[in-house]
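Student: There's a structure below that I have some questions on.
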Amino acid sequence: MNESESPALTLSRALEAARERHCDSRGLLCDYDALRRAPEREALAAALAGLEDFDPRSARIPGPIGFWLNTYSACALLAALDVAPARDVRRVERFFERARVCVAGLAYSLDDIEHCLLRGNAHRHGRLFGPLGREDPRLAFTPLIFDERIHFTLYSPCRSTPALRVYHAGRLEAELEDAARDYLRRDVRVERDGAVLVAPPQLHWYARDFGGEPGALEFVLARLEDDAAIELIDRRQGRVKLRYADFDWTLNQRPSYRQPT
């Protein structure tokens, strides 16, 4: 199968079209009401259905990471169509646990993609064990490379979501770094003259992915772009305490508007 026929490429194009047509310029809000009635919804659903016989391991490294990120975002967009405005997505029964897509003959939920594949079958925050048994055939599709920046790429239909982006194998390194920096730019604050660094809660929920709290702090400081904040922290010679922001799970519904004719 050449690139022009790849179901992964079809999916990325459908996702890009949905983003351009129904999301705000930053990819943070989506007009789900409009998407529900639009041809982009049908294109996304068809692209996901076309993955049933697709083996993402056929893509060159790091292609599988980008493929699973795009698959997650497409599934999240369609799943959001069943969420009422102003509702907390966690209150929708099995929102993250319900099977959303079939890839290479195997069914995956949002949790399966995030935790058993992209995080190497690590447990979800609040759970003590990994999500899949050792003999589960889905584990064969785990990408060979783990990248902690995926925590700032996974689009969820809520107000604290990372931006909806489309990822590409040939540009993935730059795209992951840009996504992480963009999310941290939005959510990181320096308080008390540099004594406290307020960071996204993902760094707390999945601290082990960053090498513990010291690694999480180092991850943030390496991407802090506020010169005044950096100077405050430097004066304290690294004596900085991490505090974690709240996460808003409310549906990120964009107000509907009429497209120009």
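Following the order of the structure tokens, chains are lettered A, B, ..., residues in each are numbered from 1, and ligands are numbered from 1.
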Would you list the contacts of A:Arg19 as a ChimeraX atom specification, taking every protein, DNA or RNA residue within 12 Å and counting only C-alpha atoms, but skipping same-chain residues closer than 2 positions in sequence?

Tutor: /A:12-17,21-32,34-35,40-41,44,70,73-74,77,155,163-166

Student: Please provide the set of residues having any atom within 12 Å of stretch 87-104 of chain A, restricted to only C-alpha atoms, with same-chain residues fewer than 5 positions apart removed, written as number ranges by chain.

Tutor: A: 7-8, 44-58, 67-68, 71-82, 109-116, 124, 131, 137-138, 140-141, 156-161, 247-253

Student: Figure out the distance between atom CA of A:Glu20 and atom CA of A:Val83, please, to one decimal in Å.

Tutor: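 We find that atom CA of A:Val83 and atom CA of A:Glu20 lie 21.2 Å from each other.
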
Student: Kindly give the distance, in Å, that separates atom CA of A:Leu9 and atom CA of A:Asp33, rounded to a single decimal.

Tutor: 25.9 Å

Student: Please return, as an MDAnalysis selection string, all residues of stretch 42-144 of chain A that DSSP assigns to strand (DSSP E) on the basis of the backbone.

Tutor: chainID A and resid 99:103 106:109

Student: Can I get the selected residues back with all heavy atoms, as an mmCIF file, in the first residue's frame?

Tutor:
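Once written, again-v9.cif looks like this:
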data_model
loop_
_atom_site.group_PDB
_atom_site.id
_atom_site.type_symbol
_atom_site.label_atom_id
_atom_site.label_comp_id
_atom_site.auth_asym_id
_atom_site.auth_seq_id
_atom_site.Cartn_x
_atom_site.Cartn_y
_atom_site.Cartn_z
ATOM 1 N N ALA A 99 -15.162 0.892 23.934
ATOM 2 C CA ALA A 99 -14.463 0.679 22.664
ATOM 3 C C ALA A 99 -14.940 1.692 21.637
ATOM 4 O O ALA A 99 -16.156 1.880 21.454
ATOM 5 C CB ALA A 99 -14.688 -0.732 22.162
ATOM 6 N N ARG A 100 -14.000 2.351 20.960
ATOM 7 C CA ARG A 100 -14.333 3.417 20.013
ATOM 8 C C ARG A 100 -13.868 3.130 18.588
ATOM 9 O O ARG A 100 -14.360 3.747 17.643
ATOM 10 C CB ARG A 100 -13.696 4.735 20.470
ATOM 11 C CG ARG A 100 -14.101 5.211 21.859
ATOM 12 C CD ARG A 100 -15.518 5.716 21.882
ATOM 13 N NE ARG A 100 -15.889 6.250 23.201
ATOM 14 C CZ ARG A 100 -17.103 6.728 23.477
ATOM 15 N NH1 ARG A 100 -18.037 6.742 22.548
ATOM 16 N NH2 ARG A 100 -17.379 7.179 24.691
ATOM 17 N N VAL A 101 -12.897 2.231 18.421
ATOM 18 C CA VAL A 101 -12.337 2.004 17.087
ATOM 19 C C VAL A 101 -11.769 0.589 17.026
ATOM 20 O O VAL A 101 -11.356 0.028 18.046
ATOM 21 C CB VAL A 101 -11.222 3.043 16.782
ATOM 22 C CG1 VAL A 101 -10.033 2.871 17.709
ATOM 23 C CG2 VAL A 101 -10.779 2.980 15.322
ATOM 24 N N CYS A 102 -11.788 0.032 15.821
ATOM 25 C CA CYS A 102 -11.189 -1.281 15.586
ATOM 26 C C CYS A 102 -9.997 -1.098 14.645
ATOM 27 O O CYS A 102 -10.152 -0.587 13.533
ATOM 28 C CB CYS A 102 -12.221 -2.223 14.972
ATOM 29 S SG CYS A 102 -11.632 -3.916 14.762
ATOM 30 N N VAL A 103 -8.814 -1.475 15.113
ATOM 31 C CA VAL A 103 -7.582 -1.352 14.327
ATOM 32 C C VAL A 103 -6.950 -2.733 14.226
ATOM 33 O O VAL A 103 -6.760 -3.414 15.242
ATOM 34 C CB VAL A 103 -6.590 -0.363 14.974
ATOM 35 C CG1 VAL A 103 -5.302 -0.272 14.142
ATOM 36 C CG2 VAL A 103 -7.216 1.013 15.132
ATOM 37 N N LEU A 106 -8.730 -5.438 16.130
ATOM 38 C CA LEU A 106 -8.807 -5.382 17.588
ATOM 39 C C LEU A 106 -9.455 -4.071 18.023
ATOM 40 O O LEU A 106 -9.191 -3.017 17.442
ATOM 41 C CB LEU A 106 -7.410 -5.507 18.205
ATOM 42 C CG LEU A 106 -6.665 -6.805 17.877
ATOM 43 C CD1 LEU A 106 -5.201 -6.702 18.313
ATOM 44 C CD2 LEU A 106 -7.341 -7.994 18.551
ATOM 45 N N ALA A 107 -10.281 -4.144 19.061
ATOM 46 C CA ALA A 107 -11.031 -2.975 19.521
ATOM 47 C C ALA A 107 -10.252 -2.206 20.573
ATOM 48 O O ALA A 107 -9.596 -2.806 21.441
ATOM 49 C CB ALA A 107 -12.380 -3.410 20.083
ATOM 50 N N TYR A 108 -10.359 -0.869 20.514
ATOM 51 C CA TYR A 108 -9.648 0.007 21.443
ATOM 52 C C TYR A 108 -10.581 1.083 21.976
ATOM 53 O O TYR A 108 -11.364 1.673 21.237
ATOM 54 C CB TYR A 108 -8.467 0.693 20.753
ATOM 55 C CG TYR A 108 -7.365 -0.247 20.344
ATOM 56 C CD1 TYR A 108 -7.390 -0.848 19.093
ATOM 57 C CD2 TYR A 108 -6.315 -0.535 21.209
ATOM 58 C CE1 TYR A 108 -6.383 -1.719 18.710
ATOM 59 C CE2 TYR A 108 -5.301 -1.398 20.833
ATOM 60 C CZ TYR A 108 -5.345 -1.995 19.589
ATOM 61 O OH TYR A 108 -4.359 -2.857 19.213
ATOM 62 N N SER A 109 -10.417 1.356 23.257
ATOM 63 C CA SER A 109 -11.049 2.521 23.882
ATOM 64 C C SER A 109 -10.034 3.659 23.920
ATOM 65 O O SER A 109 -8.844 3.475 23.596
ATOM 66 C CB SER A 109 -11.490 2.178 25.302
ATOM 67 O OG SER A 109 -10.345 1.949 26.125
#

Student: Using atom CA of A:Val188 and atom CA of A:Tyr244 as the two end points, give the distance in Å to one decimal.

Tutor: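 Computed distance, atom CA of A:Val188 to atom CA of A:Tyr244, equals 9.1 Å.
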
Student: Quick one: residues within 7 Å of A:Pro162, only C-alpha atoms counted, chain neighbours fewer than 3 positions away excluded, as a PyMOL selection string?

Tutor: chain A and resi 152-155+183

Student: Hey, which of A:Leu203, A:Ala174, A:Val196, A:Ile150 ends up closest to A:Gly215? Count only C-alpha atoms.

Tutor: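 Looking at the shortest contact to A:Gly215, the residue is A:Leu203.
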
Student: Using only C-alpha atoms, which residue out of A:His123, A:Lys241, A:Arg185, A:Arg235 lies closest to A:Pro214?

Tutor: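 Closest residue, counting only C-alpha atoms: A:Lys241.
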
Student: Quick one: residues within 12 Å of A:Ala222, only C-alpha atoms, excluding same-chain residues fewer than 4 positions away - as a PyMOL selection string?

Tutor: chain A and resi 177+180-181+184-185+215-218+226+230

Student: A:Gly105, A:Gly170, A:Pro143, A:Pro39: which is nearest A:Gly120, counting only C-alpha atoms?

Tutor: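 Result for the nearest residue to A:Gly120: A:Pro143.
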
Student: Between A:Glu231, A:Phe146, A:Arg254, A:Gly212, single out the one closest to A:Pro85, counting only C-alpha atoms.

Tutor: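 For A:Pro85, the nearest of the candidates is A:Arg254.
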